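Q: Have a look at this one.
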Amino acid sequence: MAVDQIRLLQCDVTVTSDELLSPVELAEYKVTGYGGSDLTPAMERLAADPQVRAAAIITDGDIRFPADPMPYAVLWVLPPGRSAAFRPSYGRVVMMDSQS
């Protein structure tokens, strides 16, 4: 995809990590955190960065997030087996395929 750098934010109720990673580093990165998070601080931090044009948000859907659309495109990515009840008012929701 010709991506040299990925900005990875992790958030529970505050931003717990904000890092720039190469694709190789991302492949080996350990994600932490569990459901019940409030992604508002992370999404607002991205909104304050004029270089951010899109964000892929990997979530179990058990989250709080800003009610108003962000100034960037949002792709909500849910793991297999999560409820289709997660229907935010903006962005696109996709479900990951399960691995055999």
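Order determines the names: the first chain of the structure tokens is A, the second B, and so forth; residues in each chain are numbered 1 upward, and ligands are numbered 1 upward as they are shown.
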Quick one: pick out all helix (DSSP H, G or I) residues within chain A from a backbone DSSP run and write them as a list in words.
A: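 For chain A, the helix (DSSP H, G or I) set is Pro23, Val24, Glu25, Leu26, Ala27, Thr40, Pro41, Ala42, Met43, Glu44, Arg45, Leu46 and Ala47 of chain A.
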Q: For those residues, write C-alpha atoms to a file as a CSV table (one decimal), in the first residue's frame.
A:
```
chain,number,residue,atom,x,y,z
A,23,PRO,CA,4.8,-1.6,8.7
A,24,VAL,CA,7.3,-4.2,10.0
A,25,GLU,CA,7.1,-2.8,13.5
A,26,LEU,CA,3.3,-2.9,13.3
A,27,ALA,CA,3.2,-6.6,12.4
A,40,THR,CA,-13.1,10.4,22.3
A,41,PRO,CA,-9.6,11.6,23.5
A,42,ALA,CA,-7.8,9.7,20.7
A,43,MET,CA,-10.2,10.7,18.0
A,44,GLU,CA,-10.1,14.3,19.0
A,45,ARG,CA,-6.3,14.2,19.1
A,46,LEU,CA,-6.3,13.0,15.5
A,47,ALA,CA,-8.9,15.7,14.6
```
Q: Quick one: residues within 12 Å of A:Ser17, only C-alpha atoms, excluding same-chain residues fewer than 3 positions away - as a ChimeraX atom specification?
A: /A:7-14,20-21,30-33,41-42,45
Q: Keeping only C-alpha atoms, write the selected residues to a file as a PDB file, in the first residue's frame.
A:
```pdb
ATOM      1  CA  ARG A   7       0.367   6.296  13.577  1.00  0.00           C
ATOM      2  CA  LEU A   8      -1.003   3.998  16.268  1.00  0.00           C
ATOM      3  CA  LEU A   9      -3.032   5.410  19.143  1.00  0.00           C
ATOM      4  CA  GLN A  10      -4.337   3.267  21.978  1.00  0.00           C
ATOM      5  CA  CYS A  11      -7.021   4.614  24.247  1.00  0.00           C
ATOM      6  CA  ASP A  12      -9.024   3.379  27.234  1.00  0.00           C
ATOM      7  CA  VAL A  13     -10.408   6.570  28.835  1.00  0.00           C
ATOM      8  CA  THR A  14      -7.299   8.593  27.994  1.00  0.00           C
ATOM      9  CA  LEU A  20       4.722   6.113  14.814  1.00  0.00           C
ATOM     10  CA  LEU A  21       5.572   2.638  13.508  1.00  0.00           C
ATOM     11  CA  LYS A  30       1.223  -5.873  20.997  1.00  0.00           C
ATOM     12  CA  VAL A  31      -2.129  -4.108  21.328  1.00  0.00           C
ATOM     13  CA  THR A  32      -3.430  -3.665  24.874  1.00  0.00           C
ATOM     14  CA  GLY A  33      -6.775  -2.662  26.314  1.00  0.00           C
ATOM     15  CA  PRO A  41      -9.631  11.625  23.456  1.00  0.00           C
ATOM     16  CA  ALA A  42      -7.827   9.673  20.725  1.00  0.00           C
ATOM     17  CA  ARG A  45      -6.283  14.194  19.062  1.00  0.00           C
TER      18      ARG A  45
END
```
Q: So that I can check the secondary structure, give me every residue of stretch 4-97 of chain A assigned strand (DSSP E) by backbone DSSP, as a ChimeraX atom specification.
A: /A:6-11,15-21,37-38,54-58,63-64,73-78,92-95
Q: Compile the contact shell of A:Ser89 as a list in words: residues with an atom at most 9 Å away, counting only C-alpha atoms, same-chain residues fewer than 2 positions apart removed.
A: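 The contact residues come out as Ala67, Asp68, Pro69, Arg87 and Gly91 of chain A.
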Q: Write out as an mmCIF file with N, CA and C atoms, in the first residue's frame the residues lying within 12 Å of A:Pro50, counting only C-alpha atoms and excluding same-chain residues fewer than 6 positions away.
A:
```cif
data_model
loop_
_atom_site.group_PDB
_atom_site.id
_atom_site.type_symbol
_atom_site.label_atom_id
_atom_site.label_comp_id
_atom_site.auth_asym_id
_atom_site.auth_seq_id
_atom_site.Cartn_x
_atom_site.Cartn_y
_atom_site.Cartn_z
ATOM 1 N N GLU A 44 -10.271 12.871 19.004
ATOM 2 C CA GLU A 44 -10.094 14.327 19.008
ATOM 3 C C GLU A 44 -8.637 14.714 18.794
ATOM 4 N N MET A 70 -16.055 13.173 12.553
ATOM 5 C CA MET A 70 -14.693 13.702 12.600
ATOM 6 C C MET A 70 -14.347 14.361 11.258
ATOM 7 N N PRO A 71 -13.319 15.219 11.235
ATOM 8 C CA PRO A 71 -12.938 15.868 9.978
ATOM 9 C C PRO A 71 -12.074 14.961 9.090
ATOM 10 N N TYR A 72 -12.088 13.668 9.366
ATOM 11 C CA TYR A 72 -11.347 12.679 8.585
ATOM 12 C C TYR A 72 -12.263 11.464 8.387
#
```
Q: Under the rule that only C-alpha atoms are counted, which of A:Thr16, A:Ser98, A:Val93, A:Phe65 is the nearest residue to A:Gly81?
A: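 Counting only C-alpha atoms, the residue closest to A:Gly81 is A:Ser98.
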Q: Of the candidates A:Phe86, A:Leu39, A:Ala55, A:Asp18, which shows the shortest atom-to-atom distance to A:Val74, using only C-alpha atoms?
A: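 Once distances to A:Val74 are computed over only C-alpha atoms, the minimum belongs to A:Ala55.
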Q: Would you list the contacts of stretch 60-64 of chain A as an NGL selection string, taking every protein, DNA or RNA residue within 8 Å and counting only C-alpha atoms, but skipping same-chain residues closer than 5 positions in sequence?
A: :A and (35-40 or 78-79 or 82 or 86)
Q: Can I get the selected residues back with N, CA, C and O atoms, as a compact mmCIF listing (two decimals), in the first residue's frame?
A:
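Output file again_30.txt is given in full below:
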```txt
# COMPACT_ATOMS: atom_id res chain seq x y z
N GLY A 35 -12.64 -3.82 26.34
CA GLY A 35 -13.88 -3.10 26.08
C GLY A 35 -14.21 -2.07 27.14
O GLY A 35 -13.60 -2.01 28.20
N GLY A 36 -15.21 -1.26 26.83
CA GLY A 36 -15.64 -0.23 27.76
C GLY A 36 -14.85 1.05 27.65
O GLY A 36 -14.92 1.91 28.52
N SER A 37 -14.11 1.21 26.59
CA SER A 37 -13.24 2.37 26.42
C SER A 37 -14.00 3.58 25.90
O SER A 37 -15.08 3.47 25.33
N ASP A 38 -13.40 4.75 26.08
CA ASP A 38 -13.91 5.99 25.51
C ASP A 38 -12.85 6.47 24.52
O ASP A 38 -11.78 6.92 24.92
N LEU A 39 -13.13 6.35 23.24
CA LEU A 39 -12.17 6.73 22.20
C LEU A 39 -12.17 8.21 21.88
O LEU A 39 -11.41 8.66 21.03
N THR A 40 -13.00 8.97 22.57
CA THR A 40 -13.09 10.41 22.30
C THR A 40 -11.74 11.11 22.37
O THR A 40 -11.39 11.85 21.44
N LEU A 78 -14.35 -4.27 13.23
CA LEU A 78 -14.75 -5.12 14.35
C LEU A 78 -14.25 -6.55 14.13
O LEU A 78 -14.26 -7.04 13.00
N PRO A 79 -13.82 -7.21 15.21
CA PRO A 79 -13.35 -8.59 15.09
C PRO A 79 -14.51 -9.54 14.80
O PRO A 79 -15.67 -9.19 15.00
N ARG A 82 -18.48 -10.25 16.63
CA ARG A 82 -19.05 -9.10 17.35
C ARG A 82 -20.44 -8.81 16.81
O ARG A 82 -20.76 -9.11 15.66
N PHE A 86 -23.46 -2.61 16.51
CA PHE A 86 -22.60 -1.43 16.50
C PHE A 86 -22.86 -0.67 15.20
O PHE A 86 -22.47 -1.12 14.12
```
Q: Report, in Å to a single decimal, how far apart atom CA of A:Ala56 and atom CA of A:Gln5 are.
A: 14.0 Å
